[in-house]
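So this one's query_16.json, JSON, C-alpha atoms:
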```json
[["chain", "number", "residue", "atom", "x", "y", "z"],
["A", 1, "MET", "CA", -362.76, 106.76, -102.32],
["A", 2, "LYS", "CA", -359.82, 105.02, -103.96],
["A", 3, "GLU", "CA", -357.87, 106.82, -106.68],
["A", 4, "THR", "CA", -359.02, 104.29, -109.31],
["A", 5, "GLU", "CA", -362.65, 104.90, -108.36],
["A", 6, "LYS", "CA", -362.09, 108.66, -108.41],
["A", 7, "ALA", "CA", -360.73, 108.46, -111.96],
["A", 8, "SER", "CA", -363.86, 106.66, -113.18],
["A", 9, "SER", "CA", -366.30, 108.92, -111.34],
["A", 10, "PHE", "CA", -367.99, 112.15, -112.36],
["A", 11, "PRO", "CA", -368.15, 114.97, -109.78],
["A", 12, "VAL", "CA", -371.29, 117.05, -109.37],
["A", 13, "TYR", "CA", -370.98, 120.25, -107.38],
["A", 14, "THR", "CA", -374.61, 121.18, -106.79],
["A", 15, "GLN", "CA", -377.06, 119.36, -104.55],
["A", 16, "LYS", "CA", -379.97, 120.21, -106.86],
["A", 17, "LEU", "CA", -378.35, 118.52, -109.87],
["A", 18, "ALA", "CA", -377.24, 115.55, -107.77],
["A", 19, "GLY", "CA", -380.81, 115.11, -106.53],
["A", 20, "HIS", "CA", -382.15, 115.30, -110.08],
["A", 21, "LEU", "CA", -379.70, 112.62, -111.22],
["A", 22, "MET", "CA", -380.66, 110.35, -108.33],
["A", 23, "MET", "CA", -384.34, 110.79, -109.19],
["A", 24, "LEU", "CA", -383.49, 109.62, -112.71],
["A", 25, "GLY", "CA", -381.94, 106.47, -111.21],
["A", 26, "TYR", "CA", -378.24, 107.31, -111.22],
["A", 27, "VAL", "CA", -376.52, 105.93, -108.14],
["A", 28, "LEU", "CA", -374.46, 108.16, -105.89],
["A", 29, "ILE", "CA", -371.15, 106.38, -105.31],
["A", 30, "ASP", "CA", -369.51, 108.83, -102.92],
["A", 31, "LEU", "CA", -369.94, 112.13, -101.16],
["A", 32, "ALA", "CA", -367.11, 114.35, -99.94],
["A", 33, "PRO", "CA", -366.65, 117.88, -98.62],
["A", 34, "ASN", "CA", -365.87, 120.43, -101.30],
["A", 35, "GLU", "CA", -362.26, 121.50, -100.79],
["A", 36, "ARG", "CA", -362.95, 125.01, -102.15],
["A", 37, "ASP", "CA", -366.03, 125.61, -100.00],
["A", 38, "THR", "CA", -366.20, 123.41, -96.92],
["A", 39, "ARG", "CA", -369.86, 124.33, -96.37],
["A", 40, "LYS", "CA", -370.73, 122.38, -99.54],
["A", 41, "ASN", "CA", -370.29, 118.82, -100.77],
["A", 42, "VAL", "CA", -369.18, 117.13, -103.96],
["A", 43, "PHE", "CA", -371.35, 114.27, -105.19],
["A", 44, "TYR", "CA", -369.68, 111.49, -107.20],
["A", 45, "PHE", "CA", -371.47, 109.38, -109.79],
["A", 46, "LYS", "CA", -370.15, 106.69, -112.15],
["A", 47, "ASP", "CA", -368.83, 108.44, -115.26],
["A", 48, "SER", "CA", -370.75, 107.54, -118.42],
["A", 49, "THR", "CA", -372.00, 109.05, -121.63],
["A", 50, "GLN", "CA", -375.57, 108.67, -120.35],
["A", 51, "ILE", "CA", -375.01, 110.73, -117.20],
["A", 52, "LYS", "CA", -373.33, 113.49, -119.23],
["A", 53, "GLU", "CA", -376.33, 113.54, -121.59],
["A", 54, "ALA", "CA", -378.72, 113.69, -118.61],
["A", 55, "ILE", "CA", -376.75, 116.63, -117.18],
["A", 56, "GLN", "CA", -376.78, 118.44, -120.53],
["A", 57, "THR", "CA", -380.55, 117.93, -120.82],
["A", 58, "TYR", "CA", -381.00, 119.27, -117.28],
["A", 59, "LEU", "CA", -378.85, 122.32, -118.03],
["A", 60, "ASN", "CA", -380.67, 123.03, -121.30],
["A", 61, "LYS", "CA", -384.07, 122.90, -119.55],
["A", 62, "SER", "CA", -382.93, 125.06, -116.64],
["A", 63, "ARG", "CA", -381.60, 127.75, -119.02],
["A", 64, "ALA", "CA", -384.80, 127.90, -121.07]]
```
Entire entry expressed as structure tokens:
Amino acid sequence: MKETEKASSFPVYTQKLAGHLMMLGYVLIDLAPNERDTRKNVFYFKDSTQIKEAIQTYLNKSRA
């Protein structure tokens, strides 16, 4: 991924959340190994207000 694309992307660190976002129609733009834990991946989506709201909704429901 180019640096300009990285700056406009939103990283997601859990596969479960990434899958939920994709089921809602958000498009995965890149996938890379997690530098802190090489057994895991980082999922990159286009950064937007809508995706942040979808993540907040997901987190609120999972905490309830």
Please determine the residues with any atom at most 9 Å from (-372.2, 112.4, -105.4) (coordinates as given in the file, with only C-alpha atoms counting) and report them as a ChimeraX atom specification. /A:10-13,15,18,27-32,41-45
Distance atom CA of Lys16 of chain A-atom CA of Ser62 of chain A, one decimal place?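 Value for the atom CA of Lys16 of chain A-atom CA of Ser62 of chain A distance: 11.3 Å.
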Residue contacts of Ser48 of chain A (10 Å, all atoms listed in the file) excluding same-chain residues fewer than 5 positions away, as a PyMOL selection string: chain A and resi 8-10+53
Could you please determine the separation between atom CA of Arg63 of chain A and atom CA of Asp47 of chain A in Å, to one decimal place?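 So the answer is 23.5 Å.
Going from atom CA of Asn34 of chain A over to atom CA of Asn60 of chain A, you cover 25.0 Å.
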Counting only C-alpha atoms, which of A:Asp37, A:Thr14, A:Ala64, A:Leu21 gets nearest to Gln50 of chain A? A:Leu21
Would you fill out segment 17-33 of chain A with N, CA and C atoms and return it as a PDB file, keeping the file's coordinate frame?
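Written file, selection01.pdb:
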```pdb
ATOM      1  N   LEU A  17    -378.635 119.397-108.737  1.00  0.00           N
ATOM      2  CA  LEU A  17    -378.350 118.520-109.870  1.00  0.00           C
ATOM      3  C   LEU A  17    -378.147 117.083-109.403  1.00  0.00           C
ATOM      4  N   ALA A  18    -377.450 116.900-108.297  1.00  0.00           N
ATOM      5  CA  ALA A  18    -377.240 115.550-107.770  1.00  0.00           C
ATOM      6  C   ALA A  18    -378.580 114.888-107.444  1.00  0.00           C
ATOM      7  N   GLY A  19    -379.489 115.638-106.840  1.00  0.00           N
ATOM      8  CA  GLY A  19    -380.810 115.110-106.530  1.00  0.00           C
ATOM      9  C   GLY A  19    -381.576 114.742-107.791  1.00  0.00           C
ATOM     10  N   HIS A  20    -381.479 115.578-108.801  1.00  0.00           N
ATOM     11  CA  HIS A  20    -382.150 115.300-110.080  1.00  0.00           C
ATOM     12  C   HIS A  20    -381.609 114.002-110.681  1.00  0.00           C
ATOM     13  N   LEU A  21    -380.300 113.835-110.667  1.00  0.00           N
ATOM     14  CA  LEU A  21    -379.700 112.620-111.220  1.00  0.00           C
ATOM     15  C   LEU A  21    -380.144 111.382-110.451  1.00  0.00           C
ATOM     16  N   MET A  22    -380.218 111.490-109.136  1.00  0.00           N
ATOM     17  CA  MET A  22    -380.660 110.350-108.330  1.00  0.00           C
ATOM     18  C   MET A  22    -382.124 110.016-108.608  1.00  0.00           C
ATOM     19  N   MET A  23    -382.942 111.041-108.851  1.00  0.00           N
ATOM     20  CA  MET A  23    -384.340 110.790-109.190  1.00  0.00           C
ATOM     21  C   MET A  23    -384.475 110.095-110.541  1.00  0.00           C
ATOM     22  N   LEU A  24    -383.503 110.301-111.413  1.00  0.00           N
ATOM     23  CA  LEU A  24    -383.490 109.620-112.710  1.00  0.00           C
ATOM     24  C   LEU A  24    -382.940 108.191-112.595  1.00  0.00           C
ATOM     25  N   GLY A  25    -382.427 107.831-111.422  1.00  0.00           N
ATOM     26  CA  GLY A  25    -381.940 106.470-111.210  1.00  0.00           C
ATOM     27  C   GLY A  25    -380.439 106.313-111.176  1.00  0.00           C
ATOM     28  N   TYR A  26    -379.698 107.401-111.318  1.00  0.00           N
ATOM     29  CA  TYR A  26    -378.240 107.310-111.220  1.00  0.00           C
ATOM     30  C   TYR A  26    -377.857 107.148-109.760  1.00  0.00           C
ATOM     31  N   VAL A  27    -376.896 106.272-109.509  1.00  0.00           N
ATOM     32  CA  VAL A  27    -376.520 105.930-108.140  1.00  0.00           C
ATOM     33  C   VAL A  27    -375.347 106.781-107.671  1.00  0.00           C
ATOM     34  N   LEU A  28    -375.527 107.391-106.527  1.00  0.00           N
ATOM     35  CA  LEU A  28    -374.460 108.160-105.890  1.00  0.00           C
ATOM     36  C   LEU A  28    -373.435 107.176-105.360  1.00  0.00           C
ATOM     37  N   ILE A  29    -372.162 107.323-105.774  1.00  0.00           N
ATOM     38  CA  ILE A  29    -371.150 106.380-105.310  1.00  0.00           C
ATOM     39  C   ILE A  29    -370.293 106.926-104.182  1.00  0.00           C
ATOM     40  N   ASP A  30    -370.262 108.252-104.028  1.00  0.00           N
ATOM     41  CA  ASP A  30    -369.510 108.830-102.920  1.00  0.00           C
ATOM     42  C   ASP A  30    -369.927 110.280-102.728  1.00  0.00           C
ATOM     43  N   LEU A  31    -369.634 110.763-101.550  1.00  0.00           N
ATOM     44  CA  LEU A  31    -369.940 112.130-101.160  1.00  0.00           C
ATOM     45  C   LEU A  31    -368.748 112.616-100.351  1.00  0.00           C
ATOM     46  N   ALA A  32    -368.266 113.820-100.648  1.00  0.00           N
ATOM     47  CA  ALA A  32    -367.110 114.350 -99.940  1.00  0.00           C
ATOM     48  C   ALA A  32    -367.254 115.860 -99.780  1.00  0.00           C
ATOM     49  N   PRO A  33    -366.622 116.422 -98.755  1.00  0.00           N
ATOM     50  CA  PRO A  33    -366.650 117.880 -98.620  1.00  0.00           C
ATOM     51  C   PRO A  33    -365.955 118.537 -99.804  1.00  0.00           C
TER      52      PRO A  33
END
```
